[in-house]
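Asks: Can you keep this structure in mind? I'll have questions shortly.
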Amino acid sequence: MGLYKSKYTAKPLPPVDLPELRVVGKPLRRVDALAKAVGKTVYAGDFSMPGMLYAKVFRSTVPSARIKRLDVSKARALPGVACVLTAEDLPDGKLVTDIPGQTGQKVRKGSLTSVLARDRVRFVGEPIALVAAETLEIAEKALEMIEIEYEELPGVFDPLEAMKPGAPIVYEPDNIVARWKIRKGDVHAGMAEADLIIENTYRVPFVEHAYLEPEAGVAWVDERGVINIRVSTQVVEHFRSIAKAVGVPQNKIRTIGTMVGGGFGGKEDITVEIFLALLAKHTQRPVKLVYTREESMMSQSKRHPFIITHRTGVKRNGRIVAAEIDLVADSGAYPYLSPYVLLYAVVMATGPYRIPNVRVDGVAVATNNPFTSAFRGFGGPQAAFAYEQQMDAIAEALGMDPMEVRRINYLRTGDTNATGQVIESAAWLEETATRALEALGEKEPDRGSVKIGRGVASYFQSYGRITWLHDTSRAWVGVELDGTVVVRSGVPDLGAGQVNSLAQITAEVLGVPLDQVTVYSTDSALTPLAGTSTATRQLYMSGNAVYQAASAVRKVLLDRASKHFEEDPKDLDMAEGRIFVKHNPEQSISLAEMAQICAAEGLPLSNLALFRAPFTDPLDPENLQGRVFPDFTFGAQAVEVAVDTETGEITLLKSVACHDIGRAINRAAVEGQIEGGSSQGLGYALLEEYVMEEGIPKTVTLSEYLIPTSMDFPPTKAIVLESGSGKGPFGAKGIGEPSLTPAAAAVANAVADAIGVRIHELPITPEKVLEALKRIK
Amino acid sequence: MLPEFELLMPRTLSEALEMLTQAREGVAPIAGGTNLVVDMRGGRHRPSVLVNVAGLEELRGIRRENGHVVIGATTTVAELLEEPLIAEAAPVLWSAARVFANPLVRNRATVGGNLADASPAADTAPPLLVLDAEVQLTSKEGSRWVPLDEFFLGVRQTLRQPDELLTAIRFPVPPSGAVGGFYKLGLRKADAISVASVAVVVEVGEDGTCRKARIAMGAVAPRPIRAYEAEKLLEGRVLTPELVAEAAHLCAEATSPIDDIRASAAYRKHVVEVLARRLLSEERR
Ligand SMILES: Cc1cc2nc3c(=O)[nH]c(=O)nc-3n(C[C@H](O)[C@H](O)[C@H](O)COP(=O)(O)OP(=O)(O)OC[C@H]3O[C@@H](n4cnc5c(N)ncnc54)[C@H](O)[C@@H]3O)c2cc1C
């Protein structure tokens with residue numbers, strides 16, 4: 001047994017010319033670190049206001065029903081209750097759960113859903129009424145006094161069932177939420193050419209984000225009549241949809257984002273904002289709403305379960321000649337971002353491999369399960385779990401080394417992927433995979449019934465949004481008269497160091513120490529809109545925007561300094577708060593003095609920059625040929641596991657992740673992302689499953705829904721490669737999502753390597769190991 | 001949210017017992033609160049009066065007394081780990097404490113609370129069962145010692161009367177030849193509810209025969225249970241691999257597990273046998 005060699009050696013990296021920088025790339029203490037460490041950061045739930053009311057949400061307890069009767073009169077009459085709102089009390093505002101018109105699809109009926117259910121509920125946890133009261137106790141009491149009668153309707157809980165004729169329709173016109181297809185080359189001819197065809201079906205479950213901080217916020221109406229919402233969110237731009245839903249002009253909603261205690265995609269959709277805005281508007285008082293853990297788990301989005309079937313045609317020499325891939329995603333009760341998650345999974349379904357003939361068919365299907373939407377990786381980890389196990393299955397069928405099969409088929413710079421998009425940046429696939437495997441060292445020997453196995457998974461994952469969404473970001477940079485620097489950017493910081501990166505880039509460009517930069521962020525009214533903290537886009541987008549803005553300010557300063565020193569601006573540089581002549585650093589002036597000179601002469605010491613990603617037109621959903629993303633990150637993870645073949649227990653012994661991140665802006669933050677993403681991915685591999693039974697969630701506490709603890713896995717060793725080839729500032733790519741993507745596939749491959757039988761379904765639990773072993777006995 | 005309740009803070013044991021007797025329906029002792037508060041938040045338990053026993057001097061401490069190890073009911077799981085007497089005299093209990101919950105919970109969770117709560121998965125129960133432990137139940141009327149094995153009745157049901165407190169746990173100091181082990185199988189490496197657990201203590205004589213065998217199992221029946229048939233099979237015989245395998249099989253036979261979110265009944269039965277066999281085999285060496 002044992003598919004893998006016991007030792008791998010990496011080849012030297014291709015040469016790259018990356019100049020050493022002064023601030024960028026250094027593992028400096030993040031600007032947000034101290035306040036978090038000492039508990040000074042005021043998270044969304046920590047904030048209170050005088051005279052504030054407490055809100056609660058009344059939710060459905062059945063997965064599919066007509067609301068026959070809803071009576072809130074007793075709750076309204078309860079002393080201390082300020083207001084109870086139902087669908088009857090709302091303007092006809094809709095919650096937009098999709099980005100209509102940008103997927104090449106018509107606006108679907110289900111995409112526009114009522115903010116509160118009016119006559120129909122489609123999943124357990126769907127909001128029906130809102131309460132605001134003087135205390136949380138009263139608000140909870142009021143919830144208990146709301147009377148509701150349901151007429152239960154047949155539901156559908158399995159996407160394959162939901163596609164069958166006669167299945168209950170979750171919402172009109174049918175249960176098909178989205179379809180995407182890739183048609184490249186001639187897949188029939190390709191299969192005919194193949195020596196061997198390998199077919200497997202892979203399944204992944206619902207997964208919960210399980211951030212430390214549940215959804216939370218406070219809203220109030222200010223003296224201008226503006227509804228302010230201070231909220232934990234990945235997207236302050238939602239103020240526009242909130243305005244629509246609440247029925248006020250867009251300039252009457254302001255979202256003030258807080259430091260986010262974990263988002264992972266779960267705070268990409270609107271969560272508490274509309275409820276808060278409605279209650280603040282109705283009561284004209286500040287209102288606070290913080291979800292409980294159970295509520296957060298039950299009512300918010302989940303990662304999409306997928307059923308993915310691969311049929312791969314290969315030549316004896318290991319070359320893949322054709323791939324047919326079918327993907328079915330459970331979209332749950334409302335579309336939300338399902339069309340896009342499906343698109344990502346479809347585009348990445350082949351993996352980072354050069355395959356001339358490809359057919360991919362993806363479909364997202366409505367069910368009466370919780371709605372599914374964004375989750376770190378956005379369809380990428382699901383796709384990777386399938387394509388990377390398929391690569392090992394191919395290696396096994398051909399009797400080849402898994403690394404060798406990959407090497408033969410890896411995409412290289414200049415190749416086109418399945419959608420015909422040219423890979424423009426470095427594609428260090430072999431470089432990352434062999435380094436990850438090499439760093440595992442010698443394989444441990446088996447110990448009796450405990451078998452040791454190792455596995456690798458390569459991946460590619462986009463950074464930046466779909467190019468036909470026409471993404472932009474803005475940033476403002478200004479120098480003060482004492483030489484300190486202010487940055488204004490709408491970037492939400494999810495804890496990944498988004499704000500710090502902007503500070504570190506600005507410090508580099510303007511030659512000031514990191515602590516001289518103050519960043520104001522995440523305010524839809526006062527900071528320039530930077531777009532969403534999603535899609536691994538902020539460093540790429542806002543990093544470039546801030547780089548542009550800082551560079552523009554730098555130009556003003558250097559132009560003026562060039563007059564001062566009578567030197568060409570090219571011969572000047574900025575560091576440590578001074579402007580100096582490169583060939584004679586003694587000749588220098590402080591940034592403060594130069595700023596004062598510029599101010600006196602009316603020169604602009606600030607700049608508002610706009611960065612635009614490449615803009616493309618939507619592709620034909622029938623074949624998807626063309627550019628979909630700005631670029632991709634490439635990398636790999638390798639793990640070694642011990643599998644107890646008698647109890648099925650799996651112990652992760654070693655884990656190494658190697659990613660080409662283009663360029664590290666803050667090395668410690670990059671390593672943090674890799675370790676954290678890996679843990680989340682390893683939890684996906686071995687522990688996590690949000691269990692649904694006929695639409696009823698069974699795992700709504702952290703006692704049943706198991707996320708990894710610090711005891712579960714050894715820390716993932718991060719190997720950070722820098723090709724400098726990314727489209728972000730200083731050649732950076734993105735690592736936020738990619739860090740999670742390969743983990744589960746690597747573990748699955750390692751388990752198969754250890755026990756000689758493949759488990760096609762996540763999570764890989766002890767019981768599944770024993771069942772799999774029974775199959776080969 | 002936590003429902004409203006009245007919290008009583010007795011200073012002495014007799015005050016606490018008086019409060020328990022006086023209180024109307026719906027009184028509950030509270031020690032670490034790591035079960036009770038969670039249950040109250042979740043609406044599964046709604047006592048209106050809580051009597052805090054955590055501060056009672058009389059219920060604290062671990063000591064050796066008349067050939068017994070006596071553990072005060074409010075001894076925390078962390079204290080079990082710190083006390084050399086436990087590590088020396090009852091490594092099987094120490095092992096269970098080591099894989100109990102997480103460090104934060106271990107600092108609050110008490111042994112008395114773990115037993116009084118009577119979860120089928122309570123992790124101190126199997127080791128204490130194999131140590132032949134007894135629990136002391138005390139009311140205003142006096143105290144009684146009850147074998148732990150008789151104390152557990154069913155899922156979260158015990159012999160304890162509402163006016164009684166669990167005040168201490170004791171077990172005979174095992175002879176020096178006694179060896180044992182505990183294994184907890186959970187779905188993750190820490191802070192997991194047992195899917196199945198097995199505790200074993202055996203005394204093997206100079207001649208290699210097993211003088212005494214105790215095997216107990218958690219999370220495989222409505223209450224933590226002993227494997228009497230397996231124990232009987234082993235006593236008086238040499239622990240050969242064949243005998244151990246047979247005993248392990250009898251352990252599985254003694255279980256009546258359920259299917260739940262964590263594991264199937266079949267899996268539980270299967271792993272109990274594996275774990276029992278392994279623990280007994282280790283003791284042979
Ligand atoms: C995160 C977490 C992890 C956990 N992990 C584990 C684990 O790994 N293994 C495990 O076995 N348990 C675990 N538990 C459960 C719990 O921590 C233990 O059962 C603990 O020992 C209970 O003790 P306590 O002092 O907190 O009891 P409490 O919650 O105070 O009380 C529990 C019950 O016992 C009663 N009671 C308490 N003391 C007395 C007394 N002296 N006399 C009479 N009745 C009394 C109370 O009325 C209540 O009904 C975990 C709990 C949490 C929250």
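Here, A, B, ... name the chains of the structure tokens in the order displayed, residue numbers run from 1 inside each chain, and ligands are numbered from 1 in the same displayed order.
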So which residues of range 539-652 of chain A fall under alpha helix (DSSP H) by DSSP, listed as a ChimeraX atom specification?
Replies: /A:539-565,591-600
Asks: Store the residues picked out above, limited to C-alpha atoms, as a CSV table (one decimal), in the first residue's frame.
Replies:
chain,number,residue,atom,x,y,z
A,539,LEU,CA,-5.5,43.5,-0.9
A,540,TYR,CA,-5.7,43.3,-4.7
A,541,MET,CA,-8.3,46.0,-5.1
A,542,SER,CA,-7.9,48.4,-2.1
A,543,GLY,CA,-4.3,47.7,-1.9
A,544,ASN,CA,-3.9,48.9,-5.4
A,545,ALA,CA,-6.2,51.9,-4.7
A,546,VAL,CA,-4.2,53.0,-1.7
A,547,TYR,CA,-1.0,52.4,-3.6
A,548,GLN,CA,-2.2,54.7,-6.3
A,549,ALA,CA,-3.4,57.4,-3.8
A,550,ALA,CA,-0.2,57.2,-1.8
A,551,SER,CA,1.9,57.3,-5.0
A,552,ALA,CA,0.1,60.4,-6.2
A,553,VAL,CA,0.9,62.2,-2.9
A,554,ARG,CA,4.4,60.9,-3.1
A,555,LYS,CA,4.7,62.5,-6.5
A,556,VAL,CA,3.6,65.9,-5.3
A,557,LEU,CA,6.1,65.7,-2.4
A,558,LEU,CA,9.0,64.5,-4.5
A,559,ASP,CA,8.3,67.0,-7.3
A,560,ARG,CA,8.4,69.8,-4.8
A,561,ALA,CA,11.5,68.3,-3.1
A,562,SER,CA,13.2,68.1,-6.4
A,563,LYS,CA,13.0,71.9,-6.7
A,564,HIS,CA,14.2,72.2,-3.1
A,565,PHE,CA,17.3,70.0,-3.6
A,591,LEU,CA,8.3,65.0,5.6
A,592,ALA,CA,6.8,67.5,8.0
A,593,GLU,CA,8.8,70.4,6.7
A,594,MET,CA,8.1,69.4,3.1
A,595,ALA,CA,4.4,69.0,3.9
A,596,GLN,CA,4.3,72.5,5.3
A,597,ILE,CA,6.0,73.9,2.3
A,598,CYS,CA,3.5,72.2,0.0
A,599,ALA,CA,0.6,73.4,2.1
A,600,ALA,CA,1.9,77.0,2.0
Asks: Which neighbours of range 267-284 of chain B fall inside 9 Å, counting only C-alpha atoms, when residues of the same chain fewer than 6 positions from it are skipped, and could you give them as a compact mmCIF listing (two decimals) with all heavy atoms, in the first residue's frame?
Replies:
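After the write, part.txt holds the following:
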# COMPACT_ATOMS: atom_id res chain seq x y z
N GLU A 646 -8.98 0.03 13.57
CA GLU A 646 -9.96 -0.67 14.41
C GLU A 646 -11.05 0.25 14.94
O GLU A 646 -12.20 -0.16 15.09
CB GLU A 646 -9.25 -1.34 15.58
CG GLU A 646 -8.44 -2.56 15.15
CD GLU A 646 -7.95 -3.35 16.35
OE1 GLU A 646 -7.43 -2.74 17.31
OE2 GLU A 646 -8.09 -4.58 16.33
N THR A 647 -10.68 1.50 15.23
CA THR A 647 -11.69 2.43 15.74
C THR A 647 -12.08 3.47 14.70
O THR A 647 -13.07 4.18 14.86
CB THR A 647 -11.17 3.20 16.97
OG1 THR A 647 -10.05 3.99 16.56
CG2 THR A 647 -10.76 2.27 18.09
N GLY A 648 -11.29 3.59 13.66
CA GLY A 648 -11.55 4.58 12.62
C GLY A 648 -11.04 5.97 12.96
O GLY A 648 -11.15 6.89 12.15
N PRO A 766 -14.68 8.69 11.98
CA PRO A 766 -14.27 7.32 12.30
C PRO A 766 -15.23 6.27 11.73
O PRO A 766 -14.80 5.26 11.19
CB PRO A 766 -14.28 7.29 13.83
CG PRO A 766 -14.02 8.71 14.23
CD PRO A 766 -14.66 9.56 13.18
N GLU A 767 -16.52 6.56 11.82
CA GLU A 767 -17.47 5.57 11.30
C GLU A 767 -17.34 5.36 9.81
O GLU A 767 -17.47 4.25 9.31
CB GLU A 767 -18.91 6.01 11.62
CG GLU A 767 -19.32 5.59 12.99
CD GLU A 767 -20.82 5.60 13.18
OE1 GLU A 767 -21.50 4.62 12.79
OE2 GLU A 767 -21.30 6.58 13.75
N LEU A 770 -14.45 3.08 9.06
CA LEU A 770 -14.75 1.65 9.27
C LEU A 770 -15.65 1.10 8.16
O LEU A 770 -15.45 -0.01 7.68
CB LEU A 770 -15.38 1.43 10.64
CG LEU A 770 -14.48 1.71 11.85
CD1 LEU A 770 -15.13 1.21 13.13
CD2 LEU A 770 -13.10 1.09 11.69
N VAL B 179 -3.48 -2.35 38.21
CA VAL B 179 -3.16 -1.44 37.11
C VAL B 179 -4.43 -1.18 36.32
O VAL B 179 -5.37 -1.99 36.33
CB VAL B 179 -2.08 -2.01 36.17
CG1 VAL B 179 -0.70 -1.90 36.80
CG2 VAL B 179 -2.40 -3.44 35.81
N GLY B 180 -4.44 -0.05 35.66
CA GLY B 180 -5.67 0.26 34.95
C GLY B 180 -5.44 1.27 33.85
O GLY B 180 -4.34 1.77 33.66
N GLY B 181 -6.51 1.55 33.16
CA GLY B 181 -6.41 2.53 32.08
C GLY B 181 -7.79 3.03 31.71
O GLY B 181 -8.82 2.41 32.05
N PHE B 182 -7.79 4.15 31.05
CA PHE B 182 -9.05 4.76 30.61
C PHE B 182 -8.86 5.25 29.19
O PHE B 182 -7.82 5.79 28.85
CB PHE B 182 -9.39 5.95 31.52
CG PHE B 182 -10.62 6.72 31.09
CD1 PHE B 182 -11.88 6.24 31.38
CD2 PHE B 182 -10.49 7.91 30.39
CE1 PHE B 182 -13.02 6.96 30.97
CE2 PHE B 182 -11.62 8.62 29.98
CZ PHE B 182 -12.89 8.14 30.27
N TYR B 183 -9.85 5.03 28.36
CA TYR B 183 -9.79 5.60 27.02
C TYR B 183 -11.14 6.21 26.68
O TYR B 183 -12.18 5.59 26.86
CB TYR B 183 -9.41 4.55 25.97
CG TYR B 183 -9.03 5.21 24.66
CD1 TYR B 183 -7.71 5.59 24.42
CD2 TYR B 183 -9.99 5.47 23.68
CE1 TYR B 183 -7.35 6.22 23.23
CE2 TYR B 183 -9.65 6.10 22.50
CZ TYR B 183 -8.33 6.48 22.27
OH TYR B 183 -7.98 7.10 21.10
N LYS B 184 -11.05 7.46 26.23
CA LYS B 184 -12.27 8.16 25.82
C LYS B 184 -12.21 8.34 24.31
O LYS B 184 -11.24 8.90 23.79
CB LYS B 184 -12.30 9.52 26.51
CG LYS B 184 -13.27 10.53 25.91
CD LYS B 184 -13.28 11.79 26.75
CE LYS B 184 -14.14 12.87 26.11
NZ LYS B 184 -14.34 14.00 27.04
N LEU B 185 -13.22 7.85 23.63
CA LEU B 185 -13.28 8.09 22.20
C LEU B 185 -14.32 9.19 21.96
O LEU B 185 -15.49 9.03 22.26
CB LEU B 185 -13.66 6.81 21.46
CG LEU B 185 -13.43 6.86 19.96
CD1 LEU B 185 -12.99 5.51 19.43
CD2 LEU B 185 -14.65 7.34 19.21
N VAL B 195 -18.11 9.49 22.79
CA VAL B 195 -18.91 8.60 21.96
C VAL B 195 -18.97 7.24 22.65
O VAL B 195 -20.00 6.57 22.66
CB VAL B 195 -18.26 8.48 20.55
CG1 VAL B 195 -18.81 7.29 19.80
CG2 VAL B 195 -18.48 9.76 19.77
N ALA B 196 -17.87 6.89 23.24
CA ALA B 196 -17.79 5.69 24.08
C ALA B 196 -16.52 5.83 24.92
O ALA B 196 -15.55 6.42 24.47
CB ALA B 196 -17.70 4.44 23.23
N SER B 197 -16.58 5.32 26.15
CA SER B 197 -15.37 5.34 26.97
C SER B 197 -15.30 4.04 27.75
O SER B 197 -16.33 3.42 28.02
CB SER B 197 -15.40 6.53 27.93
OG SER B 197 -16.43 6.37 28.86
N VAL B 198 -14.10 3.63 28.04
CA VAL B 198 -13.91 2.39 28.79
C VAL B 198 -12.85 2.61 29.84
O VAL B 198 -11.81 3.24 29.58
CB VAL B 198 -13.46 1.23 27.85
CG1 VAL B 198 -13.27 -0.05 28.66
CG2 VAL B 198 -14.48 1.00 26.75
N ALA B 199 -13.12 2.14 31.06
CA ALA B 199 -12.14 2.16 32.14
C ALA B 199 -11.91 0.73 32.61
O ALA B 199 -12.86 -0.08 32.65
CB ALA B 199 -12.63 3.01 33.30
N VAL B 200 -10.67 0.43 32.92
CA VAL B 200 -10.31 -0.92 33.33
C VAL B 200 -9.36 -0.86 34.52
O VAL B 200 -8.47 -0.01 34.53
CB VAL B 200 -9.61 -1.64 32.14
CG1 VAL B 200 -8.88 -2.88 32.62
CG2 VAL B 200 -10.60 -1.99 31.07
N VAL B 201 -9.60 -1.72 35.51
CA VAL B 201 -8.58 -1.94 36.55
C VAL B 201 -8.49 -3.45 36.78
O VAL B 201 -9.52 -4.11 36.92
CB VAL B 201 -8.92 -1.24 37.88
CG1 VAL B 201 -7.99 -1.73 38.99
CG2 VAL B 201 -8.77 0.27 37.75
N VAL B 202 -7.29 -3.98 36.74
CA VAL B 202 -7.12 -5.41 37.05
C VAL B 202 -5.99 -5.57 38.06
O VAL B 202 -5.04 -4.81 38.08
CB VAL B 202 -6.80 -6.27 35.80
CG1 VAL B 202 -8.01 -6.41 34.92
CG2 VAL B 202 -5.64 -5.70 35.02
N VAL B 204 -3.38 -8.50 39.03
CA VAL B 204 -2.86 -9.78 38.57
C VAL B 204 -1.86 -10.30 39.60
O VAL B 204 -0.97 -9.57 40.03
CB VAL B 204 -2.20 -9.64 37.18
CG1 VAL B 204 -1.67 -10.98 36.70
CG2 VAL B 204 -3.19 -9.06 36.18
N GLY B 208 0.34 -14.86 37.66
CA GLY B 208 -0.22 -14.44 36.38
C GLY B 208 -1.73 -14.53 36.30
O GLY B 208 -2.32 -14.15 35.29
N ILE B 215 -14.33 -3.53 34.91
CA ILE B 215 -14.43 -2.86 33.61
C ILE B 215 -15.71 -2.02 33.63
O ILE B 215 -16.77 -2.51 34.04
CB ILE B 215 -14.53 -3.88 32.44
CG1 ILE B 215 -13.35 -4.88 32.52
CG2 ILE B 215 -14.54 -3.16 31.10
CD1 ILE B 215 -13.51 -6.08 31.61
N MET B 217 -18.00 1.21 31.44
CA MET B 217 -18.14 1.83 30.11
C MET B 217 -19.09 3.02 30.18
O MET B 217 -20.09 2.98 30.90
CB MET B 217 -18.67 0.79 29.13
CG MET B 217 -17.78 -0.44 29.04
SD MET B 217 -18.49 -1.77 28.07
CE MET B 217 -19.74 -2.38 29.17
N ALA B 219 -21.34 6.06 27.93
CA ALA B 219 -22.00 6.47 26.68
C ALA B 219 -22.49 5.31 25.82
O ALA B 219 -22.72 5.46 24.62
CB ALA B 219 -21.09 7.39 25.86
N VAL B 220 -22.64 4.14 26.45
CA VAL B 220 -23.12 3.00 25.67
C VAL B 220 -24.37 2.35 26.30
O VAL B 220 -24.76 1.26 25.93
CB VAL B 220 -22.02 1.92 25.51
CG1 VAL B 220 -20.94 2.41 24.55
CG2 VAL B 220 -21.41 1.55 26.86
N LEU B 239 -4.67 -13.92 31.81
CA LEU B 239 -5.20 -13.05 30.75
C LEU B 239 -4.51 -13.34 29.42
O LEU B 239 -3.62 -12.62 28.99
CB LEU B 239 -5.01 -11.58 31.13
CG LEU B 239 -5.67 -11.11 32.43
CD1 LEU B 239 -5.48 -9.62 32.62
CD2 LEU B 239 -7.16 -11.45 32.43
N THR B 240 -4.92 -14.40 28.78
CA THR B 240 -4.38 -14.71 27.46
C THR B 240 -5.08 -13.83 26.43
O THR B 240 -6.18 -13.32 26.69
CB THR B 240 -4.65 -16.17 27.09
OG1 THR B 240 -6.08 -16.34 27.07
CG2 THR B 240 -4.02 -17.12 28.10
N PRO B 241 -4.47 -13.65 25.27
CA PRO B 241 -5.14 -12.86 24.23
C PRO B 241 -6.54 -13.38 23.91
O PRO B 241 -7.45 -12.60 23.68
CB PRO B 241 -4.20 -13.01 23.03
CG PRO B 241 -2.87 -13.32 23.60
CD PRO B 241 -3.12 -14.08 24.88
N VAL B 244 -8.88 -12.40 26.72
CA VAL B 244 -9.13 -10.96 26.67
C VAL B 244 -10.11 -10.64 25.54
O VAL B 244 -11.04 -9.85 25.71
CB VAL B 244 -7.79 -10.21 26.50
CG1 VAL B 244 -8.02 -8.80 25.98
CG2 VAL B 244 -7.02 -10.19 27.81
N ALA B 245 -9.92 -11.29 24.40
CA ALA B 245 -10.82 -11.04 23.27
C ALA B 245 -12.24 -11.43 23.63
O ALA B 245 -13.20 -10.72 23.31
CB ALA B 245 -10.33 -11.80 22.04
N GLU B 246 -12.35 -12.55 24.33
CA GLU B 246 -13.68 -13.02 24.73
C GLU B 246 -14.31 -12.04 25.72
O GLU B 246 -15.50 -11.71 25.62
CB GLU B 246 -13.53 -14.41 25.37
CG GLU B 246 -14.78 -15.26 25.28
CD GLU B 246 -14.58 -16.61 25.99
OE1 GLU B 246 -13.48 -17.21 25.85
OE2 GLU B 246 -15.51 -17.04 26.68
N ALA B 247 -13.50 -11.59 26.65
CA ALA B 247 -14.01 -10.62 27.64
C ALA B 247 -14.44 -9.33 26.96
O ALA B 247 -15.48 -8.74 27.28
CB ALA B 247 -12.94 -10.34 28.70
N ALA B 248 -13.62 -8.90 26.01
CA ALA B 248 -13.95 -7.66 25.30
C ALA B 248 -15.28 -7.82 24.58
O ALA B 248 -16.11 -6.90 24.54
CB ALA B 248 -12.84 -7.31 24.31
N HIS B 249 -15.48 -8.99 24.03
CA HIS B 249 -16.75 -9.24 23.35
C HIS B 249 -17.92 -9.17 24.34
O HIS B 249 -18.96 -8.61 24.04
CB HIS B 249 -16.71 -10.61 22.66
CG HIS B 249 -17.91 -10.86 21.81
ND1 HIS B 249 -18.17 -10.13 20.67
CD2 HIS B 249 -18.95 -11.71 21.98
CE1 HIS B 249 -19.31 -10.54 20.16
NE2 HIS B 249 -19.81 -11.50 20.93
N LEU B 250 -17.70 -9.72 25.53
CA LEU B 250 -18.75 -9.65 26.56
C LEU B 250 -19.03 -8.20 26.97
O LEU B 250 -20.17 -7.86 27.31
CB LEU B 250 -18.35 -10.48 27.78
CG LEU B 250 -18.37 -12.00 27.60
CD1 LEU B 250 -17.93 -12.68 28.88
CD2 LEU B 250 -19.78 -12.48 27.21
N CYS B 251 -18.00 -7.38 26.94
CA CYS B 251 -18.21 -5.96 27.23
C CYS B 251 -19.20 -5.37 26.24
O CYS B 251 -20.16 -4.68 26.61
CB CYS B 251 -16.89 -5.18 27.14
SG CYS B 251 -15.77 -5.53 28.49
N ALA B 252 -18.96 -5.64 24.98
CA ALA B 252 -19.85 -5.12 23.95
C ALA B 252 -21.26 -5.65 24.15
O ALA B 252 -22.25 -4.92 23.99
CB ALA B 252 -19.32 -5.47 22.57
N GLU B 253 -21.34 -6.93 24.51
CA GLU B 253 -22.65 -7.55 24.75
C GLU B 253 -23.43 -6.85 25.86
O GLU B 253 -24.65 -6.83 25.85
CB GLU B 253 -22.48 -9.02 25.14
CG GLU B 253 -21.87 -9.88 24.07
CD GLU B 253 -22.88 -10.26 23.01
OE1 GLU B 253 -23.71 -11.14 23.29
OE2 GLU B 253 -22.85 -9.66 21.91
N THR B 255 -23.62 -3.80 26.50
CA THR B 255 -24.05 -2.44 26.19
C THR B 255 -25.43 -2.42 25.55
O THR B 255 -25.88 -3.42 24.99
CB THR B 255 -23.07 -1.74 25.23
OG1 THR B 255 -23.11 -2.43 23.97
CG2 THR B 255 -21.66 -1.74 25.78
N SER B 256 -26.08 -1.27 25.64
CA SER B 256 -27.35 -1.07 24.93
C SER B 256 -27.33 0.36 24.37
O SER B 256 -28.07 1.22 24.83
CB SER B 256 -28.52 -1.26 25.88
OG SER B 256 -28.30 -0.52 27.07
N PRO B 257 -26.43 0.61 23.44
CA PRO B 257 -26.22 1.99 22.98
C PRO B 257 -27.35 2.49 22.09
O PRO B 257 -28.20 1.72 21.63
CB PRO B 257 -24.92 1.90 22.20
CG PRO B 257 -24.81 0.49 21.74
CD PRO B 257 -25.55 -0.35 22.74
N ILE B 258 -27.31 3.78 21.84
CA ILE B 258 -28.30 4.40 20.95
C ILE B 258 -27.60 5.02 19.75
O ILE B 258 -26.39 5.27 19.77
CB ILE B 258 -29.10 5.52 21.67
CG1 ILE B 258 -28.14 6.56 22.28
CG2 ILE B 258 -30.03 4.95 22.70
CD1 ILE B 258 -28.79 7.88 22.61
N ASP B 259 -28.38 5.26 18.71
CA ASP B 259 -27.92 6.07 17.57
C ASP B 259 -28.14 7.52 17.95
O ASP B 259 -29.21 7.88 18.41
CB ASP B 259 -28.81 5.82 16.34
CG ASP B 259 -28.61 4.44 15.75
OD1 ASP B 259 -27.46 4.01 15.63
OD2 ASP B 259 -29.63 3.80 15.40
Asks: Please give me, as a ChimeraX atom specification, the residues lying within 8 Å of ligand 1 when counting only C-alpha atoms and all ligand atoms.
Replies: /A:703 /B:28-38,50,53-54,59,73-74,76-77,99-102,105-106,108-119,121-125,137,160,164-168,190-194
Asks: In Å, rounded to a single decimal, give me how far CA of Leu148 in chain B is from CA of Pro222 in chain B.
Replies: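 Computing it gives 14.9 Å between the two atoms.
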Asks: With only C-alpha atoms as the basis for distance, which of B:Ala230, B:Leu20, B:Leu187, B:Ala213 is at the shortest distance from Arg262 in chain B?
Replies: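 Residue with the minimum atom-to-atom distance to Arg262 in chain B: B:Leu187.
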Asks: As an exercise, work out the distance from CA of His68 in chain B to CA of Ala87 in chain B in Å and give it to one decimal place.
Replies: 14.7 Å
Asks: As an NGL selection string, please: the residues near Ala322 in chain A (cut-off 8 Å, only C-alpha atoms, same-chain neighbours under 2 positions excluded).
Replies: :A and (187 or 190-191 or 194 or 312-314 or 320 or 324 or 355-358)
Asks: Quote the spacing between CA of Ala333 in chain A and CA of Val170 in chain A in Å to one decimal place.
Replies: 6.8 Å
